[in-house]
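Colleague: What follows is the file protein-v8.cif, containing mmCIF, C-alpha atoms:
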```
data_upload
loop_
_atom_site.label_atom_id
_atom_site.label_comp_id
_atom_site.auth_asym_id
_atom_site.auth_seq_id
_atom_site.Cartn_x
_atom_site.Cartn_y
_atom_site.Cartn_z
CA MET S 1 -62.68 36.00 -88.13
CA PRO S 2 -65.11 38.86 -89.09
CA ARG S 3 -64.26 42.33 -88.04
CA PRO S 4 -66.23 43.74 -85.06
CA ALA S 5 -69.01 46.19 -85.89
CA PRO S 6 -68.12 49.87 -85.89
CA GLY S 7 -68.52 51.45 -82.45
CA THR S 8 -67.80 48.20 -80.57
CA THR S 9 -65.22 48.89 -77.87
CA ARG S 10 -63.99 45.33 -77.28
CA SER S 11 -63.87 42.42 -79.62
CA ALA S 12 -64.96 38.90 -78.76
CA ALA S 13 -61.40 37.70 -79.36
CA ALA S 14 -60.08 40.16 -76.79
CA ALA S 15 -62.72 39.10 -74.30
CA GLU S 16 -61.76 35.44 -74.86
CA ARG S 17 -58.11 36.22 -74.28
CA ASP S 18 -59.00 37.93 -71.03
CA LEU S 19 -60.72 34.79 -69.82
CA GLN S 20 -57.62 32.61 -70.43
CA LEU S 21 -55.48 31.84 -67.34
CA PRO S 22 -51.76 32.72 -67.48
CA ARG S 23 -49.40 29.82 -68.21
CA PRO S 24 -48.01 28.44 -64.93
CA ARG S 25 -44.31 28.94 -64.35
CA LEU S 26 -41.91 27.76 -61.65
CA ALA S 27 -39.07 30.17 -61.18
CA ALA S 28 -35.72 28.96 -59.92
CA ARG S 29 -36.17 31.04 -56.77
CA ASP S 30 -39.50 29.37 -56.08
CA ALA S 31 -38.07 25.89 -56.68
CA THR S 32 -35.19 26.61 -54.30
CA ALA S 33 -37.56 27.92 -51.65
CA GLU S 34 -39.74 24.83 -51.95
CA ALA S 35 -36.69 22.57 -51.70
CA VAL S 36 -35.39 24.32 -48.59
CA ALA S 37 -38.83 24.20 -47.01
CA GLY S 38 -39.09 20.47 -47.69
CA ILE S 39 -35.68 19.86 -46.08
CA VAL S 40 -36.30 22.08 -43.06
CA GLN S 41 -39.59 20.33 -42.35
CA ARG S 42 -37.75 17.00 -41.96
CA PRO S 43 -34.31 17.90 -40.52
CA GLY S 44 -33.57 14.49 -39.03
CA ARG S 45 -34.27 12.67 -42.27
CA ALA S 46 -32.27 15.26 -44.22
CA VAL S 47 -29.22 14.79 -42.01
CA LEU S 48 -29.36 11.01 -42.27
CA THR S 49 -29.79 11.31 -46.03
CA MET S 50 -26.72 13.52 -46.38
CA ILE S 51 -24.44 11.22 -44.39
CA GLY S 52 -23.63 9.04 -47.38
CA THR S 53 -22.79 12.05 -49.55
CA ILE S 54 -20.77 13.63 -46.73
CA LEU S 55 -18.72 10.47 -46.34
CA GLY S 56 -18.27 10.06 -50.07
CA VAL S 57 -17.16 13.61 -50.82
CA GLY S 58 -15.14 13.78 -47.61
CA ALA S 59 -13.36 10.56 -48.54
CA PHE S 60 -12.75 11.89 -52.06
CA VAL S 61 -11.13 15.10 -50.80
CA ALA S 62 -9.24 13.37 -48.00
CA VAL S 63 -7.93 10.64 -50.32
CA LEU S 64 -6.55 13.07 -52.86
CA GLY S 65 -5.15 15.32 -50.14
CA LEU S 66 -3.54 12.52 -48.14
CA THR S 67 -2.17 10.93 -51.31
CA ALA S 68 -0.58 14.19 -52.41
CA THR S 69 0.70 14.86 -48.89
CA GLY S 70 2.08 11.34 -48.53
CA ALA S 71 3.66 11.48 -51.97
CA GLY S 72 5.61 14.51 -50.85
CA GLN S 73 7.13 12.40 -48.08
CA ILE S 74 7.82 9.31 -50.22
CA SER S 75 10.72 10.94 -52.01
CA HIS S 76 12.22 12.08 -48.71
CA GLN S 77 11.99 8.66 -47.07
CA PHE S 78 13.08 6.90 -50.24
CA THR S 79 16.14 9.04 -50.85
CA VAL S 80 17.42 8.63 -47.30
CA LEU S 81 18.43 5.01 -47.95
CA GLU S 82 17.44 3.58 -51.31
CA ASP S 83 18.25 6.56 -53.49
CA THR S 84 21.66 6.96 -51.88
CA THR S 85 22.85 3.43 -52.65
CA VAL S 86 24.64 2.29 -55.80
CA THR S 87 25.74 -1.32 -56.26
CA VAL S 88 28.53 -2.51 -58.58
CA GLU S 89 28.95 -6.23 -59.33
CA ASP S 90 31.99 -8.00 -60.74
CA ASN S 91 30.92 -9.93 -63.83
CA GLY S 92 34.36 -11.53 -64.26
CA PRO S 93 36.86 -11.24 -67.11
CA ALA S 94 35.75 -11.79 -70.68
CA ASN S 95 38.25 -14.64 -71.14
CA ASN S 96 38.74 -16.57 -67.91
CA THR S 97 42.16 -18.24 -68.15
CA ALA S 98 42.47 -19.07 -64.46
CA PRO S 99 42.97 -22.73 -63.44
CA PRO S 100 39.76 -24.70 -62.68
CA ASN S 101 40.17 -24.55 -58.89
CA ASN S 102 41.57 -21.03 -58.72
CA ASN S 103 39.26 -18.04 -59.22
CA PRO S 104 40.55 -15.01 -61.13
CA ALA S 105 41.42 -11.85 -59.27
CA ILE S 106 38.51 -9.57 -58.48
CA GLY S 107 37.83 -6.82 -60.99
CA PHE S 108 38.10 -4.02 -58.46
CA PRO S 109 41.56 -2.48 -58.02
CA ALA S 110 43.34 -2.53 -54.66
CA ASP S 111 42.54 1.16 -54.10
CA ALA S 112 38.89 0.84 -55.18
CA ASP S 113 37.67 2.64 -52.07
CA GLN S 114 39.84 5.69 -52.72
CA ILE S 115 38.95 5.81 -56.43
CA ALA S 116 35.26 5.83 -55.69
CA GLY S 117 35.76 8.47 -53.01
CA HIS S 118 37.11 10.90 -55.63
CA ILE S 119 33.78 10.90 -57.50
CA LYS S 120 31.65 13.86 -56.56
CA GLY S 121 28.64 12.83 -54.52
CA VAL S 122 30.15 9.69 -52.97
CA THR S 123 30.23 9.67 -49.17
CA ALA S 124 31.62 6.14 -48.70
CA ALA S 125 32.35 3.14 -50.89
CA GLY S 126 34.03 -0.23 -50.61
CA VAL S 127 34.25 -3.80 -51.84
CA TRP S 128 32.69 -6.76 -50.07
CA TRP S 129 31.68 -10.34 -50.84
CA PRO S 130 30.32 -13.41 -49.04
CA VAL S 131 33.18 -15.78 -48.20
CA SER S 132 32.64 -19.26 -49.56
CA LEU S 133 32.85 -21.79 -46.70
CA PRO S 134 32.39 -25.55 -46.76
CA GLN S 135 29.06 -26.94 -45.64
CA ASN S 136 28.51 -27.30 -41.90
CA ALA S 137 31.16 -24.68 -41.15
CA SER S 138 31.50 -24.16 -37.41
CA PHE S 139 31.60 -20.86 -35.54
CA THR S 140 33.01 -21.36 -32.06
CA ALA S 141 33.78 -18.76 -29.43
CA SER S 142 36.92 -18.69 -27.29
CA LEU S 143 37.44 -21.64 -24.97
CA ALA S 144 36.88 -19.35 -22.00
CA LEU S 145 33.38 -18.59 -23.31
CA GLY S 146 32.64 -22.14 -24.37
CA ALA S 147 29.85 -21.35 -26.85
CA THR S 148 29.14 -22.66 -30.33
CA SER S 149 26.72 -21.11 -32.81
CA SER S 150 24.29 -23.46 -34.48
CA GLN S 151 22.64 -20.68 -36.49
CA THR S 152 23.68 -19.59 -39.96
CA ILE S 153 26.27 -16.83 -39.81
CA ASN S 154 27.29 -15.11 -43.02
CA LEU S 155 31.03 -14.57 -43.18
CA LEU S 156 31.65 -11.44 -45.24
CA ALA S 157 34.86 -9.93 -46.49
CA ALA S 158 34.68 -6.15 -46.41
CA SER S 159 37.04 -3.28 -47.05
CA PRO S 160 37.05 -0.37 -44.59
CA GLY S 161 35.12 1.75 -47.07
CA ALA S 162 32.47 -0.94 -47.41
CA VAL S 163 32.03 -1.09 -43.64
CA THR S 164 31.50 2.68 -43.61
CA ALA S 165 29.07 2.53 -46.56
CA MET S 166 27.02 -0.15 -44.81
CA GLY S 167 26.15 2.42 -42.18
CA LEU S 168 26.80 0.24 -39.15
CA SER S 169 25.59 1.45 -35.79
CA MET S 170 28.13 0.13 -33.31
CA ALA S 171 26.96 -1.20 -29.94
CA ALA S 172 30.49 -1.70 -28.68
CA GLY S 173 34.06 -1.61 -29.95
CA SER S 174 35.07 -0.14 -33.30
CA PRO S 175 34.61 -1.00 -36.99
CA LEU S 176 37.32 -2.49 -39.17
CA THR S 177 40.18 -0.10 -39.94
CA ALA S 178 42.45 0.43 -42.94
CA TYR S 179 45.47 -0.69 -40.90
CA GLU S 180 43.82 -4.01 -40.03
CA ASN S 181 43.02 -4.53 -43.70
CA THR S 182 46.48 -3.60 -44.96
CA THR S 183 48.25 -5.84 -42.43
CA ARG S 184 45.76 -8.67 -42.88
CA GLN S 185 44.82 -8.83 -39.24
CA HIS S 186 42.59 -11.70 -38.10
CA VAL S 187 39.90 -9.47 -36.60
CA ALA S 188 36.15 -9.34 -37.03
CA ILE S 189 33.03 -7.42 -36.12
CA ILE S 190 29.76 -9.23 -35.48
CA ASP S 191 26.12 -8.31 -34.93
CA THR S 192 24.48 -8.30 -31.52
CA THR S 193 22.47 -11.46 -32.20
CA THR S 194 25.58 -13.45 -33.05
CA ALA S 195 27.42 -11.94 -30.10
CA ALA S 196 24.66 -13.00 -27.71
CA THR S 197 24.63 -16.52 -29.16
CA LEU S 198 28.38 -16.87 -28.74
CA GLY S 199 28.36 -15.32 -25.28
CA ILE S 200 30.32 -12.23 -26.29
CA SER S 201 29.13 -9.13 -24.45
CA ALA S 202 30.32 -5.54 -24.66
CA ALA S 203 32.15 -5.95 -21.37
CA ARG S 204 34.11 -8.94 -22.71
CA LEU S 205 35.57 -7.02 -25.68
CA ALA S 206 38.34 -5.70 -23.45
CA SER S 207 39.56 -9.29 -22.99
CA HIS S 208 39.80 -9.72 -26.77
CA PRO S 209 37.43 -12.66 -27.30
CA ALA S 210 37.85 -14.65 -30.49
CA VAL S 211 35.55 -16.51 -32.87
CA PHE S 212 36.95 -19.63 -34.52
CA VAL S 213 35.73 -20.24 -38.08
CA ASN S 214 36.66 -23.82 -38.90
CA GLY S 215 39.63 -23.48 -36.58
CA ILE S 216 40.81 -20.03 -37.76
CA ALA S 217 40.64 -17.50 -34.91
CA TYR S 218 39.35 -13.97 -35.47
CA THR S 219 39.51 -11.48 -32.62
CA VAL S 220 36.23 -9.62 -32.16
CA VAL S 221 36.97 -5.89 -32.13
CA GLY S 222 33.42 -4.60 -32.44
CA VAL S 223 29.72 -5.45 -32.18
CA TYR S 224 27.13 -3.62 -34.29
CA LYS S 225 23.42 -3.43 -33.55
CA SER S 226 22.02 -2.26 -36.91
CA ALA S 227 23.01 -1.48 -40.47
CA GLN S 228 21.53 0.57 -43.28
CA ARG S 229 22.86 -1.42 -46.20
CA VAL S 230 23.88 -4.98 -47.14
CA VAL S 231 23.59 -6.64 -43.71
CA THR S 232 20.33 -5.09 -42.58
CA ASP S 233 18.39 -8.22 -41.58
CA GLU S 234 20.89 -11.04 -41.22
CA SER S 235 23.49 -12.37 -38.82
CA ALA S 236 26.89 -11.51 -40.21
CA MET S 237 30.54 -11.60 -39.29
CA LEU S 238 32.75 -9.15 -41.16
CA ILE S 239 36.48 -9.66 -41.63
CA PRO S 240 39.02 -7.48 -43.53
CA GLU S 241 39.09 -7.85 -47.30
CA ASN S 242 42.80 -8.68 -47.55
CA THR S 243 42.52 -11.18 -44.69
CA ALA S 244 39.77 -13.02 -46.55
CA LEU S 245 41.84 -13.09 -49.74
CA ALA S 246 44.79 -14.60 -47.83
CA ASP S 247 42.68 -17.18 -45.96
CA TYR S 248 40.10 -18.18 -48.56
CA GLY S 249 41.31 -16.95 -51.93
CA ASN S 250 39.49 -14.93 -54.59
CA PRO S 251 35.70 -15.00 -54.77
CA GLU S 252 34.04 -16.55 -57.76
CA PRO S 253 33.01 -13.89 -60.30
CA GLY S 254 29.81 -13.82 -62.33
CA ILE S 255 26.47 -12.03 -62.06
CA GLY S 256 24.02 -14.01 -59.97
CA ASN S 257 26.75 -15.92 -58.16
CA GLN S 258 26.23 -15.79 -54.40
CA ASP S 259 29.94 -15.24 -53.72
CA GLU S 260 30.70 -12.55 -56.29
CA ALA S 261 32.60 -9.43 -55.31
CA GLN S 262 30.51 -6.29 -55.11
CA MET S 263 30.96 -2.66 -54.30
CA VAL S 264 28.47 -0.78 -52.15
CA ILE S 265 28.45 2.98 -52.58
CA ALA S 266 26.72 5.47 -50.33
CA THR S 267 26.01 8.77 -52.06
CA ARG S 268 24.55 12.11 -51.23
CA ILE S 269 20.88 12.65 -51.95
CA GLY S 270 20.32 13.12 -55.67
CA ALA S 271 23.83 12.02 -56.71
CA ALA S 272 23.20 8.30 -57.22
CA GLN S 273 22.36 8.54 -60.92
CA THR S 274 25.48 10.59 -61.67
CA VAL S 275 27.74 8.32 -59.64
CA ALA S 276 26.32 5.24 -61.38
CA LYS S 277 27.30 6.65 -64.78
CA GLN S 278 30.93 7.25 -63.77
CA ILE S 279 31.88 4.48 -61.37
CA ALA S 280 32.59 1.65 -63.85
CA ALA S 281 34.96 3.69 -66.00
CA ALA S 282 36.65 5.15 -62.93
CA GLU S 283 37.27 1.77 -61.27
CA LEU S 284 38.21 -0.25 -64.35
CA PRO S 285 38.98 2.06 -67.29
CA THR S 286 40.48 -0.76 -69.37
CA ASP S 287 37.39 -2.98 -69.11
CA PRO S 288 34.41 -1.04 -67.69
CA ALA S 289 31.96 -3.55 -69.17
CA ARG S 290 33.14 -6.11 -66.59
CA LEU S 291 31.48 -4.09 -63.83
CA VAL S 292 27.68 -4.09 -63.81
CA VAL S 293 26.25 -1.02 -62.08
CA THR S 294 22.83 -1.02 -60.46
CA SER S 295 21.44 2.40 -59.65
CA PRO S 296 18.25 3.04 -57.69
CA PRO S 297 15.06 3.78 -59.61
CA ASN S 298 14.03 7.35 -60.13
CA PRO S 299 12.24 8.45 -56.94
CA GLN S 300 9.83 10.56 -58.99
CA ASN S 301 8.70 7.47 -60.89
CA LEU S 302 8.31 5.56 -57.62
CA GLN S 303 6.38 8.45 -56.15
CA SER S 304 4.03 8.49 -59.14
CA GLN S 305 3.48 4.74 -58.94
CA VAL S 306 2.78 4.76 -55.21
CA SER S 307 0.53 7.79 -55.53
CA ALA S 308 -1.44 6.13 -58.33
CA ASP S 309 -1.81 2.92 -56.33
CA LEU S 310 -2.96 4.75 -53.21
CA ALA S 311 -5.31 7.01 -55.12
CA GLY S 312 -6.81 4.10 -57.03
CA LEU S 313 -7.38 2.10 -53.86
CA PHE S 314 -8.96 4.84 -51.81
CA LEU S 315 -10.96 6.36 -54.66
CA VAL S 316 -12.77 3.03 -54.93
CA LEU S 317 -13.77 3.43 -51.29
CA ALA S 318 -14.86 7.00 -51.98
CA LEU S 319 -16.98 5.90 -54.92
CA ILE S 320 -18.61 3.23 -52.78
CA SER S 321 -19.45 5.88 -50.19
CA LEU S 322 -20.87 8.11 -52.91
CA LEU S 323 -22.95 5.22 -54.21
CA ILE S 324 -24.31 4.63 -50.72
CA GLY S 325 -25.10 8.34 -50.47
CA ALA S 326 -26.88 8.29 -53.82
CA VAL S 327 -28.99 5.33 -52.77
CA GLY S 328 -29.87 7.12 -49.53
CA ILE S 329 -30.92 10.28 -51.35
CA ALA S 330 -32.93 8.30 -53.91
CA ASN S 331 -34.67 6.31 -51.20
CA THR S 332 -35.52 9.39 -49.14
CA THR S 333 -36.77 11.32 -52.16
CA LEU S 334 -38.94 8.40 -53.22
CA VAL S 335 -40.42 8.13 -49.74
CA ALA S 336 -41.10 11.87 -49.83
CA VAL S 337 -42.92 11.45 -53.14
CA LEU S 338 -45.13 8.74 -51.67
CA GLU S 339 -45.83 10.75 -48.52
CA ARG S 340 -46.70 13.89 -50.45
CA THR S 341 -48.96 12.32 -53.06
CA GLU S 342 -51.88 14.45 -51.95
CA GLU S 343 -49.75 17.59 -52.19
CA ILE S 344 -48.65 16.58 -55.67
CA GLY S 345 -52.28 16.04 -56.71
CA LEU S 346 -53.30 19.42 -55.34
CA ARG S 347 -50.46 21.19 -57.15
CA ARG S 348 -51.42 19.49 -60.40
CA ALA S 349 -55.08 20.42 -59.88
CA VAL S 350 -54.26 24.12 -59.57
CA GLY S 351 -52.19 24.12 -62.74
CA ALA S 352 -48.70 22.79 -61.96
CA ARG S 353 -47.28 20.92 -64.92
CA PRO S 354 -45.37 17.61 -64.64
CA ARG S 355 -42.04 19.40 -65.23
CA HIS S 356 -42.75 21.69 -62.29
CA ILE S 357 -43.32 18.72 -59.98
CA ALA S 358 -40.15 17.04 -61.28
CA ALA S 359 -38.16 20.27 -60.82
CA GLN S 360 -39.35 20.59 -57.23
CA PHE S 361 -38.14 17.16 -56.17
CA LEU S 362 -34.95 17.44 -58.22
CA ALA S 363 -34.25 20.71 -56.43
CA GLU S 364 -34.69 19.00 -53.05
CA SER S 365 -32.40 16.09 -53.88
CA THR S 366 -29.79 18.38 -55.46
CA THR S 367 -29.85 20.66 -52.43
CA LEU S 368 -29.31 17.68 -50.14
CA GLY S 369 -26.41 16.53 -52.28
CA THR S 370 -24.86 20.01 -52.38
CA LEU S 371 -25.07 20.41 -48.61
CA GLY S 372 -23.53 16.96 -48.17
CA GLY S 373 -20.79 17.88 -50.62
CA LEU S 374 -19.96 21.12 -48.80
CA ILE S 375 -19.84 19.45 -45.39
CA GLY S 376 -17.85 16.51 -46.77
CA THR S 377 -15.33 18.85 -48.40
CA CYS S 378 -14.80 20.70 -45.12
CA ILE S 379 -14.34 17.42 -43.26
CA GLY S 380 -11.91 16.10 -45.89
CA VAL S 381 -9.79 19.25 -45.80
CA GLY S 382 -9.78 19.14 -42.01
CA VAL S 383 -8.65 15.50 -41.98
CA VAL S 384 -5.73 16.27 -44.32
CA VAL S 385 -4.59 19.30 -42.34
CA ILE S 386 -4.85 17.56 -38.95
CA PHE S 387 -3.09 14.40 -40.18
CA ALA S 388 -0.26 16.41 -41.74
CA ALA S 389 0.10 18.45 -38.56
CA THR S 390 0.39 15.35 -36.37
CA LYS S 391 3.12 13.97 -38.65
CA ASN S 392 4.90 17.32 -39.05
CA TRP S 393 4.30 17.10 -42.78
CA THR S 394 3.30 19.79 -45.23
CA ALA S 395 -0.36 19.48 -46.15
CA VAL S 396 -0.86 19.39 -49.92
CA LEU S 397 -4.34 20.22 -51.26
CA ASN S 398 -4.83 20.67 -54.99
CA PRO S 399 -7.51 23.33 -55.58
CA VAL S 400 -8.32 21.70 -58.93
CA TYR S 401 -9.85 18.80 -56.99
CA THR S 402 -10.83 20.47 -53.73
CA LEU S 403 -12.85 23.46 -54.96
CA PRO S 404 -15.14 21.53 -57.36
CA ALA S 405 -15.68 18.76 -54.79
CA PRO S 406 -19.07 20.10 -53.59
CA LEU S 407 -20.30 19.83 -57.18
CA ILE S 408 -19.82 16.07 -56.87
CA GLY S 409 -22.42 16.10 -54.12
CA SER S 410 -24.71 18.18 -56.33
CA LEU S 411 -24.31 15.73 -59.17
CA VAL S 412 -24.97 12.77 -56.89
CA GLY S 413 -28.11 14.43 -55.57
CA LEU S 414 -29.31 15.30 -59.06
CA LEU S 415 -28.84 11.78 -60.38
CA ALA S 416 -30.27 10.18 -57.26
CA GLY S 417 -33.42 12.28 -57.43
CA ALA S 418 -34.06 11.67 -61.13
CA TYR S 419 -36.24 8.57 -60.77
CA PRO S 420 -38.33 9.81 -57.79
CA ALA S 421 -38.84 13.15 -59.58
CA LEU S 422 -39.93 11.37 -62.76
CA ARG S 423 -42.35 9.24 -60.78
CA ALA S 424 -43.78 12.31 -59.08
CA ALA S 425 -44.19 14.04 -62.43
CA ARG S 426 -46.18 11.13 -63.81
CA THR S 427 -48.63 11.13 -60.89
CA SER S 428 -52.19 11.66 -62.09
CA PRO S 429 -53.98 14.55 -60.27
CA LEU S 430 -57.19 12.58 -59.89
CA ALA S 431 -55.41 9.48 -58.58
CA ALA S 432 -53.36 11.62 -56.22
CA LEU S 433 -56.43 13.33 -54.77
CA ARG S 434 -58.21 10.03 -54.39
CA HIS S 435 -55.15 8.61 -52.64
CA GLY S 436 -55.27 11.51 -50.18
#
```
Please express what this file holds, its structure, as structure tokens.

Modeller:
Amino acid sequence: MPRPAPGTTRSAAAAERDLQLPRPRLAARDATAEAVAGIVQRPGRAVLTMIGTILGVGAFVAVLGLTATGAGQISHQFTVLEDTTVTVEDNGPANNTAPPNNNPAIGFPADADQIAGHIKGVTAAGVWWPVSLPQNASFTASLALGATSSQTINLLAASPGAVTAMGLSMAAGSPLTAYENTTRQHVAIIDTTTAATLGISAARLASHPAVFVNGIAYTVVGVYKSAQRVVTDESAMLIPENTALADYGNPEPGIGNQDEAQMVIATRIGAAQTVAKQIAAAELPTDPARLVVTSPPNPQNLQSQVSADLAGLFLVLALISLLIGAVGIANTTLVAVLERTEEIGLRRAVGARPRHIAAQFLAESTTLGTLGGLIGTCIGVGVVVIFAATKNWTAVLNPVYTLPAPLIGSLVGLLAGAYPALRAARTSPLAALRHG
């Protein structure tokens, strides 16, 4: 370009630059203001649009919070019963030399209850087994009662320690005692269902009613209404261990056999794993391999499994809610684009570029998603706190998941508004003005 003549104050190039319009820009503050204005102008539609995101984010926060809170209670509930129970089964001797019709002696020593009681952490322990009876065995009450049970009653041999470890809640009478076991008394305790069937009430225990098992009389000394272990959901009649050995002989050994001798051990919380490692050698030091010990699973592993299952199940529901929210935001944003076609054309005519139009609608959808995420997070936290308070639990909320939760709503709004914003950006100014 030739130089301007001497004495010329302004060049043609400078004059041309002065005539050029400044490049249009859309600051973040302006985009946010436009988005807020668009939402405020249609408050009812904005609220309905945010409901899906509110439910999705609220469900996300509530699911993780309730799962963590519930997981904290799983260990407590689990350890009360399951984690305080150790089972020992008699696998039988390695070389069974007993006659064909005579079972070998049980692997537990005569003082098995006392031996187990010396192990630290054991609260009660004893040997029990189902007594093998012939088919169609009859259970008949005393002649004065004149009742016969047609239901299946499990006759169990139990040592005094086993009765204690079962955690029986007595309705009347007393449990089996060490004296009754040592002297081989023909006594028994039965559950309330069996007692009602045989016509034995709490008031009748004073008259010493008896139950005849295939003609052998057992005086009922107690009736229990519930049990924590072994006989939790079945009708059972318990007789002393030594009485059963005298009347019916030794039980048949072998893992999986229905009549094998077993030991039930009640432990303190957290002691089951330690007790399980020591009990076999303590009871049978000469042949500990004969006793097969079953300890409860690690409660932490169970807690992790249950937590993962619950979280996986409810997170699917949360994702579905988020998907519904995304569809709602996308639909509303698209309708807004169609309704504001004339506005879009006017903005393009005065210099707005396609990216500015896209940014405007993306800002609106993202704002809707963010507001939905904030409200949903507050609702989710409130649900966890209220639920924990009603259950007297400790609410557990992980800030790693709770604090970023509103960003999920922002992301949902951003993705949901992508297509409507792209469509608005591609709108031709002339076609938009003609449409208006």

Colleague: For Arg290 of chain S, find every residue with an atom within 9 Å (counting all atoms listed in the file), except residues of its own chain fewer than 4 positions away, and show them as a PyMOL selection string.

Modeller: chain S and resi 89-94+107+280+284

Colleague: For each of S:Leu346, S:Asp191, S:Leu319, S:Gln262, take the minimum atom-to-atom distance to Val63 of chain S, counting all atoms listed in the file, then give the residue where this is smallest.

Modeller: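 Of all the options, S:Leu319 lies closest to Val63 of chain S.
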
Colleague: Taking into account only C-alpha atoms, which residue in the set S:Ile239, S:Leu430, S:Ala272, S:Val131 is nearest to Val350 of chain S?

Modeller: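 For Val350 of chain S, the nearest of the candidates is S:Leu430.
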
Colleague: Step by step, work through what the PyMOL selection byres ((chain S and resi 179) around 12) selects in the shown file, and finish by giving those residues as an MDAnalysis selection string.

Modeller: chainID S and resid 159:160 175:178 180:187 240:243

Colleague: Can you spit out the residues from that selection as a short mmCIF file (atom, residue, chain, number, x, y, z; two decimals), in the coordinates of the input, using C-alpha atoms?

Modeller:
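New file out_17.cif:
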```cif
data_model
loop_
_atom_site.label_atom_id
_atom_site.label_comp_id
_atom_site.auth_asym_id
_atom_site.auth_seq_id
_atom_site.Cartn_x
_atom_site.Cartn_y
_atom_site.Cartn_z
CA SER S 159 37.04 -3.28 -47.05
CA PRO S 160 37.05 -0.37 -44.59
CA PRO S 175 34.61 -1.00 -36.99
CA LEU S 176 37.32 -2.49 -39.17
CA THR S 177 40.18 -0.10 -39.94
CA ALA S 178 42.45 0.43 -42.94
CA GLU S 180 43.82 -4.01 -40.03
CA ASN S 181 43.02 -4.53 -43.70
CA THR S 182 46.48 -3.60 -44.96
CA THR S 183 48.25 -5.84 -42.43
CA ARG S 184 45.76 -8.67 -42.88
CA GLN S 185 44.82 -8.83 -39.24
CA HIS S 186 42.59 -11.70 -38.10
CA VAL S 187 39.90 -9.47 -36.60
CA PRO S 240 39.02 -7.48 -43.53
CA GLU S 241 39.09 -7.85 -47.30
CA ASN S 242 42.80 -8.68 -47.55
CA THR S 243 42.52 -11.18 -44.69
#
```

Colleague: If we count all atoms listed in the file, what is near Ile189 of chain S at a cut-off of 6 Å, once residues fewer than 6 positions away on the same chain are taken out, given as a ChimeraX atom specification?

Modeller: /S:220-223,237-238

Colleague: Kindly give the distance, in Å, that separates atom CA of Glu342 of chain S and atom CA of Gly369 of chain S, rounded to a single decimal.

Modeller: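 Atom CA of Glu342 of chain S sits 25.6 Å away from atom CA of Gly369 of chain S.
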
Colleague: Extract, using all atoms listed in the file, all DNA, RNA and protein residues at most 12 Å from Leu338 of chain S, discarding same-chain residues fewer than 3 positions from it, and format them as number ranges by chain.

Modeller: S: 331-335, 341-345, 361, 420-421, 423-424, 427, 432, 435-436

Colleague: Have a look at S:Thr197, S:Ser365, S:Asn214, S:Thr294 and name the one nearest to Asn136 of chain S; count only C-alpha atoms.

Modeller: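 Closest residue, counting only C-alpha atoms: S:Asn214.
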
Colleague: Give as a ChimeraX atom specification the residues that the PyMOL selection byres ((chain S and resi 114-128) around 8) matches when applied to the coordinates above.

Modeller: /S:108,111-113,129-130,156-165,241,261-268,271-272,275,278-279,282-283

Colleague: Set the distance at 7 Å and use all atoms listed in the file: which residues neighbour Arg229 of chain S once local chain neighbours fewer than 3 positions away are removed? I'd like the list as a list in words.

Modeller: Met166, Gly167 and Thr232 of chain S
